[in-house]
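Okay, model-v7.cif now, which holds mmCIF, C-alpha atoms:
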```
data_target
loop_
_atom_site.label_atom_id
_atom_site.label_comp_id
_atom_site.auth_asym_id
_atom_site.auth_seq_id
_atom_site.Cartn_x
_atom_site.Cartn_y
_atom_site.Cartn_z
CA MET A 1 -80.73 106.17 -80.95
CA SER A 2 -78.78 105.26 -84.08
CA ASP A 3 -78.59 107.41 -87.21
CA PRO A 4 -81.26 106.09 -89.61
CA GLY A 5 -79.33 107.26 -92.69
CA PHE A 6 -80.95 107.32 -96.14
CA ALA A 7 -80.83 103.65 -97.21
CA GLY A 8 -84.47 103.15 -96.20
CA PRO A 9 -86.99 103.98 -93.51
CA PRO A 10 -85.79 102.91 -90.07
CA GLU A 11 -87.38 100.37 -87.84
CA GLY A 12 -87.93 101.90 -84.45
CA ASP A 13 -89.85 104.50 -82.54
CA ASP A 14 -91.81 107.41 -83.95
CA LEU A 15 -89.00 109.87 -83.26
CA SER A 16 -86.62 107.84 -85.42
CA ASN A 17 -89.16 107.78 -88.22
CA LEU A 18 -89.63 111.56 -88.01
CA LEU A 19 -85.85 112.06 -88.02
CA PHE A 20 -85.56 109.97 -91.17
CA LEU A 21 -88.29 111.97 -92.91
CA ALA A 22 -86.70 115.28 -91.87
CA LYS A 23 -83.30 114.25 -93.19
CA HIS A 24 -84.86 113.02 -96.41
CA GLN A 25 -86.51 116.42 -96.98
CA MET A 26 -83.37 118.35 -96.02
CA ALA A 27 -81.38 116.37 -98.59
CA ARG A 28 -83.58 117.97 -101.28
CA LEU A 29 -82.43 121.49 -100.36
CA ARG A 30 -79.77 123.07 -102.59
CA THR A 31 -77.48 125.79 -101.27
CA VAL A 32 -73.93 126.04 -102.69
CA GLN A 33 -72.18 123.51 -104.95
CA VAL A 34 -68.76 123.37 -106.58
CA ALA A 35 -69.15 123.25 -110.38
CA LYS A 36 -67.03 123.21 -113.54
CA VAL A 37 -67.78 125.37 -116.57
CA LEU A 38 -68.58 123.31 -119.69
CA ALA A 39 -69.70 126.09 -122.06
CA VAL A 40 -69.78 129.90 -122.02
CA TYR A 41 -72.28 132.21 -123.78
CA PRO A 42 -71.05 135.83 -123.55
CA GLY A 43 -73.51 138.53 -122.52
CA SER A 44 -74.02 141.85 -124.22
CA SER A 45 -75.34 145.37 -123.70
CA SER A 46 -79.07 145.54 -124.29
CA GLN A 47 -80.07 148.80 -126.00
CA GLN A 48 -83.70 147.70 -125.76
CA ASN A 49 -83.60 147.85 -121.96
CA SER A 50 -82.03 151.26 -121.21
CA GLY A 51 -78.55 149.95 -121.92
CA ARG A 52 -78.80 147.29 -119.22
CA TYR A 53 -76.13 144.62 -119.40
CA LEU A 54 -77.28 141.11 -120.30
CA PRO A 55 -75.23 138.70 -118.19
CA THR A 56 -73.04 135.94 -119.53
CA THR A 57 -74.48 132.45 -119.06
CA VAL A 58 -72.76 129.09 -118.64
CA ASP A 59 -73.42 125.37 -118.71
CA VAL A 60 -71.88 123.62 -115.71
CA GLN A 61 -71.19 120.21 -114.20
CA ILE A 62 -71.40 119.73 -110.42
CA MET A 63 -68.08 118.33 -109.21
CA VAL A 64 -69.31 116.32 -106.19
CA ASP A 65 -70.99 113.17 -107.48
CA GLN A 66 -74.20 111.67 -106.15
CA VAL A 67 -73.87 108.46 -104.11
CA ASP A 68 -76.60 105.83 -103.82
CA ALA A 69 -77.41 103.64 -100.81
CA ASN A 70 -74.79 101.10 -101.95
CA GLY A 71 -72.03 103.71 -102.18
CA GLN A 72 -72.01 103.77 -105.98
CA ARG A 73 -71.10 107.14 -107.54
CA MET A 74 -73.23 108.76 -110.24
CA ALA A 75 -72.34 112.07 -111.89
CA HIS A 76 -74.86 114.90 -112.09
CA SER A 77 -76.20 115.81 -115.50
CA THR A 78 -75.26 119.11 -117.16
CA ILE A 79 -77.00 122.22 -115.84
CA TYR A 80 -77.70 124.60 -118.73
CA GLY A 81 -77.85 128.36 -119.02
CA LEU A 82 -76.94 129.61 -115.53
CA VAL A 83 -76.40 133.37 -115.27
CA VAL A 84 -72.92 134.48 -114.21
CA GLY A 85 -72.48 136.94 -111.35
CA ARG A 86 -69.88 139.74 -111.62
CA TRP A 87 -68.43 142.52 -109.51
CA HIS A 88 -70.89 144.94 -111.03
CA GLY A 89 -72.79 147.83 -109.48
CA GLY A 90 -74.30 150.99 -110.94
CA GLY A 91 -72.31 151.87 -114.04
CA ASN A 92 -69.14 150.19 -112.74
CA ALA A 93 -67.91 146.68 -113.48
CA ILE A 94 -64.89 144.41 -113.56
CA LEU A 95 -65.21 142.37 -116.75
CA HIS A 96 -63.91 138.84 -116.29
CA ASP A 97 -66.01 136.15 -117.94
CA PRO A 98 -65.25 132.52 -117.06
CA VAL A 99 -63.81 130.11 -119.62
CA VAL A 100 -64.43 126.43 -120.21
CA GLY A 101 -62.67 124.41 -117.51
CA ASP A 102 -62.94 127.01 -114.75
CA VAL A 103 -64.19 125.65 -111.43
CA GLY A 104 -66.27 127.91 -109.21
CA VAL A 105 -69.42 127.74 -107.12
CA ILE A 106 -73.12 127.94 -107.93
CA HIS A 107 -75.59 129.49 -105.49
CA THR A 108 -79.07 127.99 -105.79
CA SER A 109 -82.10 130.25 -105.40
CA ASP A 110 -85.02 129.03 -103.31
CA ARG A 111 -87.53 129.98 -106.04
CA ASP A 112 -87.77 129.80 -109.83
CA ILE A 113 -85.85 132.83 -111.21
CA SER A 114 -86.47 132.10 -114.91
CA SER A 115 -88.96 134.99 -115.27
CA VAL A 116 -86.50 137.49 -113.79
CA VAL A 117 -83.83 136.24 -116.20
CA ALA A 118 -86.22 136.40 -119.18
CA ASN A 119 -87.32 139.93 -118.17
CA GLU A 120 -83.69 141.11 -117.91
CA GLY A 121 -83.72 141.73 -114.19
CA GLU A 122 -87.17 143.28 -113.86
CA GLN A 123 -89.33 142.35 -110.86
CA SER A 124 -91.31 139.24 -111.78
CA ALA A 125 -93.48 136.47 -110.40
CA PRO A 126 -91.77 133.08 -109.97
CA GLY A 127 -91.63 131.21 -113.26
CA SER A 128 -93.10 128.07 -111.68
CA GLY A 129 -93.65 126.40 -108.32
CA ARG A 130 -90.27 124.69 -108.23
CA ARG A 131 -88.12 125.23 -105.14
CA HIS A 132 -84.37 124.86 -104.51
CA ASP A 133 -83.80 123.65 -108.07
CA LEU A 134 -80.31 123.61 -109.61
CA SER A 135 -81.74 125.26 -112.72
CA ASP A 136 -82.19 128.42 -110.63
CA ALA A 137 -78.56 128.72 -109.59
CA VAL A 138 -76.14 131.59 -110.28
CA TYR A 139 -72.49 130.82 -111.13
CA MET A 140 -69.70 132.64 -109.31
CA GLY A 141 -66.06 131.87 -110.19
CA GLY A 142 -63.47 130.89 -109.59
CA LEU A 143 -61.93 128.45 -107.17
CA TRP A 144 -59.65 126.47 -109.46
CA THR A 145 -58.66 128.17 -112.72
CA ALA A 146 -55.61 128.54 -114.93
CA ALA A 147 -52.83 130.68 -113.44
CA PRO A 148 -53.83 134.33 -114.03
CA ILE A 149 -51.93 136.36 -116.61
CA ASN A 150 -53.97 139.54 -116.13
CA PHE A 151 -54.39 140.48 -112.49
CA ILE A 152 -54.56 143.22 -109.88
CA ASP A 153 -52.54 142.41 -106.75
CA LEU A 154 -53.71 144.26 -103.64
CA ARG A 155 -51.54 142.45 -101.09
CA ASN A 156 -48.84 143.78 -98.74
CA GLY A 157 -50.08 147.36 -98.83
CA ASN A 158 -49.33 147.79 -102.55
CA ILE A 159 -51.38 147.89 -105.75
CA SER A 160 -49.88 146.10 -108.75
CA ILE A 161 -51.47 145.69 -112.20
CA THR A 162 -49.93 143.02 -114.44
CA THR A 163 -50.73 142.17 -118.05
CA PRO A 164 -48.81 140.59 -120.96
CA GLY A 165 -50.82 142.74 -123.36
CA THR A 166 -51.73 146.42 -123.52
CA LEU A 167 -52.48 148.47 -120.42
CA ALA A 168 -54.73 151.33 -121.49
CA HIS A 169 -55.99 154.32 -119.49
CA LYS A 170 -59.12 155.82 -121.03
CA SER A 171 -61.03 158.79 -119.70
CA GLN A 172 -63.52 161.23 -121.22
CA GLN A 173 -62.25 163.94 -118.87
CA ASP A 174 -58.94 164.32 -117.01
CA THR A 175 -56.64 161.53 -115.88
CA THR A 176 -54.51 162.32 -112.83
CA THR A 177 -51.61 160.23 -111.57
CA ARG A 178 -50.19 161.51 -108.31
CA SER A 179 -47.88 160.24 -105.62
CA VAL A 180 -48.00 161.95 -102.23
CA GLU A 181 -44.89 160.15 -101.03
CA GLY A 182 -42.45 158.09 -103.08
CA SER A 183 -42.44 157.30 -106.78
CA ILE A 184 -44.77 156.24 -109.56
CA THR A 185 -43.35 153.84 -112.14
CA HIS A 186 -44.95 152.77 -115.44
CA THR A 187 -43.26 149.72 -116.96
CA ALA A 188 -44.11 147.88 -120.17
CA LYS A 189 -42.42 145.19 -122.28
CA LYS A 190 -43.58 146.95 -125.45
CA ASP A 191 -45.03 150.45 -125.70
CA ILE A 192 -46.30 153.08 -123.29
CA ILE A 193 -48.46 155.60 -125.11
CA ASP A 194 -49.65 158.94 -123.73
CA LYS A 195 -52.11 160.59 -126.07
CA ALA A 196 -54.20 163.74 -125.85
CA ASP A 197 -56.39 165.54 -128.37
CA GLU A 198 -55.39 168.90 -126.90
CA ILE A 199 -52.63 169.33 -124.29
CA LEU A 200 -50.32 166.66 -122.87
CA THR A 201 -48.23 167.89 -119.96
CA HIS A 202 -45.43 166.15 -118.02
CA GLN A 203 -44.23 168.10 -115.01
CA ALA A 204 -41.48 167.51 -112.47
CA GLY A 205 -40.34 169.67 -109.57
CA ARG A 206 -36.66 168.94 -110.22
CA VAL A 207 -35.69 166.75 -113.19
CA LEU A 208 -37.75 165.28 -116.05
CA ASN A 209 -35.83 162.39 -117.65
CA LEU A 210 -36.67 161.14 -121.13
CA ASN A 211 -34.40 158.22 -122.01
CA ALA A 212 -34.55 156.25 -125.26
CA PRO A 213 -32.06 155.18 -128.00
CA ILE A 214 -34.22 157.23 -130.38
CA LEU A 215 -36.18 160.10 -128.90
CA ASN A 216 -38.89 161.59 -131.12
CA ILE A 217 -40.43 164.87 -129.96
CA SER A 218 -42.61 166.63 -132.49
#
```
For this file, write the structure as structure tokens.
Amino acid sequence: MSDPGFAGPPEGDDLSNLLFLAKHQMARLRTVQVAKVLAVYPGSSSQQNSGRYLPTTVDVQIMVDQVDANGQRMAHSTIYGLVVGRWHGGGNAILHDPVVGDVGVIHTSDRDISSVVANEGEQSAPGSGRRHDLSDAVYMGGLWTAAPINFIDLRNGNISITTPGTLAHKSQQDTTTRSVEGSITHTAKKDIIDKADEILTHQAGRVLNLNAPILNIS
């Protein structure tokens, strides 16, 4: 039995006709697509909803074109206002919004999620009867982006944090840096600032080296 394809209903037995109809319906399902970011709308902290974070949203363009029965390509239209997923749980988050030109993936929900989005994550009824619609996708980056300039490298058994800007440690309580074996090195192209409202203590079991052309201790 030959593959009936999608150019038109096949001529043949009932099983071929059913196979064509099944494939036609399956082609309407949306799962995961590769998409490029066309516009970014940053989220914010919502004080009206117990401080819950309002997610960033994006407009995207699907990168794999549609193809008709004659093999002619046709680009998808823009998909507007998709929420952006983050590494975010409880009160902890890694903040890394996408930028225009990033290419990532969108995961399409099987039901209308517009009510959940409008109600800022509260349990809701489906917004409509639509199913597997691209409007109900969530964007997750990023597959192809600009080379990172801020990054955390967890490879080869080491942890490395790199930034061309300022690396700040902020804590409302105590900050502890400790090495069980080996050394801890803080390196910066500009300034390293240790600041405390009360007591700032540097301790070493043997030698504490402070090296600078001008050393200010006050």
Using atom CA of A:Ile152 and atom CA of A:Ile94 as the two end points, give the distance in Å to one decimal. 11.0 Å
Could you give me, as an mmCIF file with C-alpha atoms, in the frame of the given file, the residues that have an atom at most 10 Å away from the point (-45.3, 150.5, -117.8) in the coordinates of the file, using only C-alpha atoms?
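result_8.cif, freshly written:
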```cif
data_model
loop_
_atom_site.group_PDB
_atom_site.id
_atom_site.type_symbol
_atom_site.label_atom_id
_atom_site.label_comp_id
_atom_site.auth_asym_id
_atom_site.auth_seq_id
_atom_site.Cartn_x
_atom_site.Cartn_y
_atom_site.Cartn_z
ATOM 1 C CA ILE A 161 -51.470 145.690 -112.200
ATOM 2 C CA THR A 162 -49.930 143.020 -114.440
ATOM 3 C CA THR A 163 -50.730 142.170 -118.050
ATOM 4 C CA THR A 166 -51.730 146.420 -123.520
ATOM 5 C CA LEU A 167 -52.480 148.470 -120.420
ATOM 6 C CA THR A 185 -43.350 153.840 -112.140
ATOM 7 C CA HIS A 186 -44.950 152.770 -115.440
ATOM 8 C CA THR A 187 -43.260 149.720 -116.960
ATOM 9 C CA ALA A 188 -44.110 147.880 -120.170
ATOM 10 C CA LYS A 189 -42.420 145.190 -122.280
ATOM 11 C CA LYS A 190 -43.580 146.950 -125.450
ATOM 12 C CA ASP A 191 -45.030 150.450 -125.700
ATOM 13 C CA ILE A 192 -46.300 153.080 -123.290
ATOM 14 C CA ILE A 193 -48.460 155.600 -125.110
#
```
Tell me which protein, DNA and RNA residues are within 9 Å of A:Ser44, counting only C-alpha atoms, leaving out same-chain ones fewer than 5 positions away, and put them as a PyMOL selection string. chain A and resi 52-56
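The space between atom CA of A:Thr31 and atom CA of A:Val64 spans 13.4 Å.
The residues caught by the PyMOL selection byres ((chain A and resi 39) around 7) in this file are Val37, Leu38, Val40, Tyr41, Val58, Asp59 and Val100 of chain A.
Pairwise distance (atom CA of A:His202, atom CA of A:Lys170) equals 17.4 Å.
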Just the residues within 12 Å of A:Thr57, please, counting only C-alpha atoms, with nothing from its chain fewer than 3 positions along; format it as a compact mmCIF listing (two decimals) with C-alpha atoms, keeping the file's coordinate frame.
```txt
# COMPACT_ATOMS: atom_id res chain seq x y z
CA VAL A 37 -67.78 125.37 -116.57
CA LEU A 38 -68.58 123.31 -119.69
CA ALA A 39 -69.70 126.09 -122.06
CA VAL A 40 -69.78 129.90 -122.02
CA TYR A 41 -72.28 132.21 -123.78
CA PRO A 42 -71.05 135.83 -123.55
CA GLY A 43 -73.51 138.53 -122.52
CA SER A 44 -74.02 141.85 -124.22
CA LEU A 54 -77.28 141.11 -120.30
CA VAL A 60 -71.88 123.62 -115.71
CA ILE A 79 -77.00 122.22 -115.84
CA TYR A 80 -77.70 124.60 -118.73
CA GLY A 81 -77.85 128.36 -119.02
CA LEU A 82 -76.94 129.61 -115.53
CA VAL A 83 -76.40 133.37 -115.27
CA VAL A 84 -72.92 134.48 -114.21
CA GLY A 85 -72.48 136.94 -111.35
CA ARG A 86 -69.88 139.74 -111.62
CA ASP A 97 -66.01 136.15 -117.94
CA PRO A 98 -65.25 132.52 -117.06
CA VAL A 99 -63.81 130.11 -119.62
CA VAL A 100 -64.43 126.43 -120.21
CA VAL A 117 -83.83 136.24 -116.20
CA ALA A 137 -78.56 128.72 -109.59
CA VAL A 138 -76.14 131.59 -110.28
CA TYR A 139 -72.49 130.82 -111.13
CA MET A 140 -69.70 132.64 -109.31
```
Report as a ChimeraX atom specification the residues that result from applying the PyMOL selection byres ((chain A and resi 102-115) around 7) to the structure here. /A:30-37,98-101,116-119,124-134,136-145
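With only C-alpha atoms as the basis for measurement, A:Pro148 is the residue among A:Pro213, A:Gly71, A:Gly90, A:Pro148 that approaches A:Pro164 most closely.
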Filtering to N, CA and C atoms, could stretch 140-175 of chain A of the supplied structure be written out as a PDB file, in the first residue's frame?
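Once written, decode-v6.pdb looks like this:
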```
ATOM      1  N   MET A 140      10.757  29.003  24.971  1.00  0.00           N
ATOM      2  CA  MET A 140      11.924  28.640  25.765  1.00  0.00           C
ATOM      3  C   MET A 140      13.166  28.841  24.885  1.00  0.00           C
ATOM      4  N   GLY A 141      14.101  29.698  25.328  1.00  0.00           N
ATOM      5  CA  GLY A 141      15.335  29.874  24.555  1.00  0.00           C
ATOM      6  C   GLY A 141      16.417  29.004  25.138  1.00  0.00           C
ATOM      7  N   GLY A 142      17.573  29.066  24.536  1.00  0.00           N
ATOM      8  CA  GLY A 142      17.811  29.538  23.221  1.00  0.00           C
ATOM      9  C   GLY A 142      18.732  28.537  22.545  1.00  0.00           C
ATOM     10  N   LEU A 143      18.430  28.273  21.302  1.00  0.00           N
ATOM     11  CA  LEU A 143      19.219  27.330  20.511  1.00  0.00           C
ATOM     12  C   LEU A 143      20.348  28.043  19.774  1.00  0.00           C
ATOM     13  N   TRP A 144      19.990  29.086  19.050  1.00  0.00           N
ATOM     14  CA  TRP A 144      21.000  29.868  18.336  1.00  0.00           C
ATOM     15  C   TRP A 144      20.878  31.310  18.799  1.00  0.00           C
ATOM     16  N   THR A 145      21.887  31.799  19.499  1.00  0.00           N
ATOM     17  CA  THR A 145      21.910  33.167  20.001  1.00  0.00           C
ATOM     18  C   THR A 145      23.289  33.746  19.755  1.00  0.00           C
ATOM     19  N   ALA A 146      23.448  35.031  20.087  1.00  0.00           N
ATOM     20  CA  ALA A 146      24.778  35.638  20.037  1.00  0.00           C
ATOM     21  C   ALA A 146      25.689  34.940  21.055  1.00  0.00           C
ATOM     22  N   ALA A 147      26.983  34.969  20.802  1.00  0.00           N
ATOM     23  CA  ALA A 147      27.936  34.368  21.741  1.00  0.00           C
ATOM     24  C   ALA A 147      27.762  35.005  23.120  1.00  0.00           C
ATOM     25  N   PRO A 148      27.641  34.205  24.183  1.00  0.00           N
ATOM     26  CA  PRO A 148      27.387  34.781  25.509  1.00  0.00           C
ATOM     27  C   PRO A 148      28.569  35.592  26.022  1.00  0.00           C
ATOM     28  N   ILE A 149      28.266  36.686  26.704  1.00  0.00           N
ATOM     29  CA  ILE A 149      29.308  37.478  27.364  1.00  0.00           C
ATOM     30  C   ILE A 149      29.186  37.355  28.876  1.00  0.00           C
ATOM     31  N   ASN A 150      27.978  37.039  29.358  1.00  0.00           N
ATOM     32  CA  ASN A 150      27.769  36.729  30.769  1.00  0.00           C
ATOM     33  C   ASN A 150      27.385  35.258  30.851  1.00  0.00           C
ATOM     34  N   PHE A 151      28.158  34.462  31.565  1.00  0.00           N
ATOM     35  CA  PHE A 151      27.806  33.048  31.625  1.00  0.00           C
ATOM     36  C   PHE A 151      28.406  32.369  32.848  1.00  0.00           C
ATOM     37  N   ILE A 152      27.757  31.268  33.226  1.00  0.00           N
ATOM     38  CA  ILE A 152      28.241  30.376  34.269  1.00  0.00           C
ATOM     39  C   ILE A 152      28.632  29.072  33.590  1.00  0.00           C
ATOM     40  N   ASP A 153      29.876  28.677  33.733  1.00  0.00           N
ATOM     41  CA  ASP A 153      30.398  27.464  33.094  1.00  0.00           C
ATOM     42  C   ASP A 153      30.532  26.378  34.162  1.00  0.00           C
ATOM     43  N   LEU A 154      29.766  25.303  33.998  1.00  0.00           N
ATOM     44  CA  LEU A 154      29.771  24.214  34.970  1.00  0.00           C
ATOM     45  C   LEU A 154      30.480  22.971  34.447  1.00  0.00           C
ATOM     46  N   ARG A 155      31.264  23.097  33.394  1.00  0.00           N
ATOM     47  CA  ARG A 155      31.898  21.927  32.794  1.00  0.00           C
ATOM     48  C   ARG A 155      33.208  21.560  33.495  1.00  0.00           C
ATOM     49  N   ASN A 156      33.630  20.308  33.261  1.00  0.00           N
ATOM     50  CA  ASN A 156      34.949  19.803  33.679  1.00  0.00           C
ATOM     51  C   ASN A 156      35.157  19.863  35.192  1.00  0.00           C
ATOM     52  N   GLY A 157      34.063  19.742  35.942  1.00  0.00           N
ATOM     53  CA  GLY A 157      34.197  19.695  37.394  1.00  0.00           C
ATOM     54  C   GLY A 157      34.489  21.025  38.047  1.00  0.00           C
ATOM     55  N   ASN A 158      34.397  22.131  37.304  1.00  0.00           N
ATOM     56  CA  ASN A 158      34.664  23.461  37.848  1.00  0.00           C
ATOM     57  C   ASN A 158      33.431  24.345  37.700  1.00  0.00           C
ATOM     58  N   ILE A 159      33.401  25.424  38.467  1.00  0.00           N
ATOM     59  CA  ILE A 159      32.371  26.454  38.334  1.00  0.00           C
ATOM     60  C   ILE A 159      33.061  27.774  38.029  1.00  0.00           C
ATOM     61  N   SER A 160      32.728  28.357  36.878  1.00  0.00           N
ATOM     62  CA  SER A 160      33.343  29.612  36.465  1.00  0.00           C
ATOM     63  C   SER A 160      32.258  30.611  36.112  1.00  0.00           C
ATOM     64  N   ILE A 161      32.350  31.827  36.690  1.00  0.00           N
ATOM     65  CA  ILE A 161      31.418  32.914  36.392  1.00  0.00           C
ATOM     66  C   ILE A 161      32.173  34.005  35.652  1.00  0.00           C
ATOM     67  N   THR A 162      31.687  34.369  34.463  1.00  0.00           N
ATOM     68  CA  THR A 162      32.376  35.348  33.620  1.00  0.00           C
ATOM     69  C   THR A 162      31.425  36.489  33.268  1.00  0.00           C
ATOM     70  N   THR A 163      31.908  37.716  33.407  1.00  0.00           N
ATOM     71  CA  THR A 163      31.144  38.883  33.007  1.00  0.00           C
ATOM     72  C   THR A 163      32.097  40.017  32.633  1.00  0.00           C
ATOM     73  N   PRO A 164      31.772  40.822  31.607  1.00  0.00           N
ATOM     74  CA  PRO A 164      32.574  41.997  31.297  1.00  0.00           C
ATOM     75  C   PRO A 164      32.201  43.199  32.159  1.00  0.00           C
ATOM     76  N   GLY A 165      31.138  43.044  32.946  1.00  0.00           N
ATOM     77  CA  GLY A 165      30.663  44.149  33.775  1.00  0.00           C
ATOM     78  C   GLY A 165      30.999  43.952  35.234  1.00  0.00           C
ATOM     79  N   THR A 166      30.053  44.213  36.103  1.00  0.00           N
ATOM     80  CA  THR A 166      30.252  44.143  37.540  1.00  0.00           C
ATOM     81  C   THR A 166      29.698  42.833  38.081  1.00  0.00           C
ATOM     82  N   LEU A 167      30.493  42.154  38.887  1.00  0.00           N
ATOM     83  CA  LEU A 167      30.056  40.940  39.562  1.00  0.00           C
ATOM     84  C   LEU A 167      29.781  41.300  41.016  1.00  0.00           C
ATOM     85  N   ALA A 168      28.518  41.269  41.411  1.00  0.00           N
ATOM     86  CA  ALA A 168      28.133  41.725  42.737  1.00  0.00           C
ATOM     87  C   ALA A 168      27.588  40.559  43.555  1.00  0.00           C
ATOM     88  N   HIS A 169      28.013  40.492  44.832  1.00  0.00           N
ATOM     89  CA  HIS A 169      27.464  39.546  45.792  1.00  0.00           C
ATOM     90  C   HIS A 169      26.617  40.351  46.769  1.00  0.00           C
ATOM     91  N   LYS A 170      25.326  40.028  46.856  1.00  0.00           N
ATOM     92  CA  LYS A 170      24.442  40.761  47.742  1.00  0.00           C
ATOM     93  C   LYS A 170      23.716  39.772  48.652  1.00  0.00           C
ATOM     94  N   SER A 171      23.746  40.048  49.935  1.00  0.00           N
ATOM     95  CA  SER A 171      23.072  39.187  50.891  1.00  0.00           C
ATOM     96  C   SER A 171      22.556  40.031  52.044  1.00  0.00           C
ATOM     97  N   GLN A 172      21.358  39.701  52.540  1.00  0.00           N
ATOM     98  CA  GLN A 172      20.813  40.412  53.687  1.00  0.00           C
ATOM     99  C   GLN A 172      21.354  39.848  55.001  1.00  0.00           C
ATOM    100  N   GLN A 173      22.054  38.713  54.924  1.00  0.00           N
ATOM    101  CA  GLN A 173      22.642  38.133  56.122  1.00  0.00           C
ATOM    102  C   GLN A 173      24.144  37.976  55.912  1.00  0.00           C
ATOM    103  N   ASP A 174      24.680  36.797  56.119  1.00  0.00           N
ATOM    104  CA  ASP A 174      26.120  36.579  55.997  1.00  0.00           C
ATOM    105  C   ASP A 174      26.448  35.966  54.645  1.00  0.00           C
ATOM    106  N   THR A 175      27.594  36.343  54.107  1.00  0.00           N
ATOM    107  CA  THR A 175      28.118  35.734  52.894  1.00  0.00           C
ATOM    108  C   THR A 175      29.392  34.986  53.250  1.00  0.00           C
TER     109      THR A 175
END
```
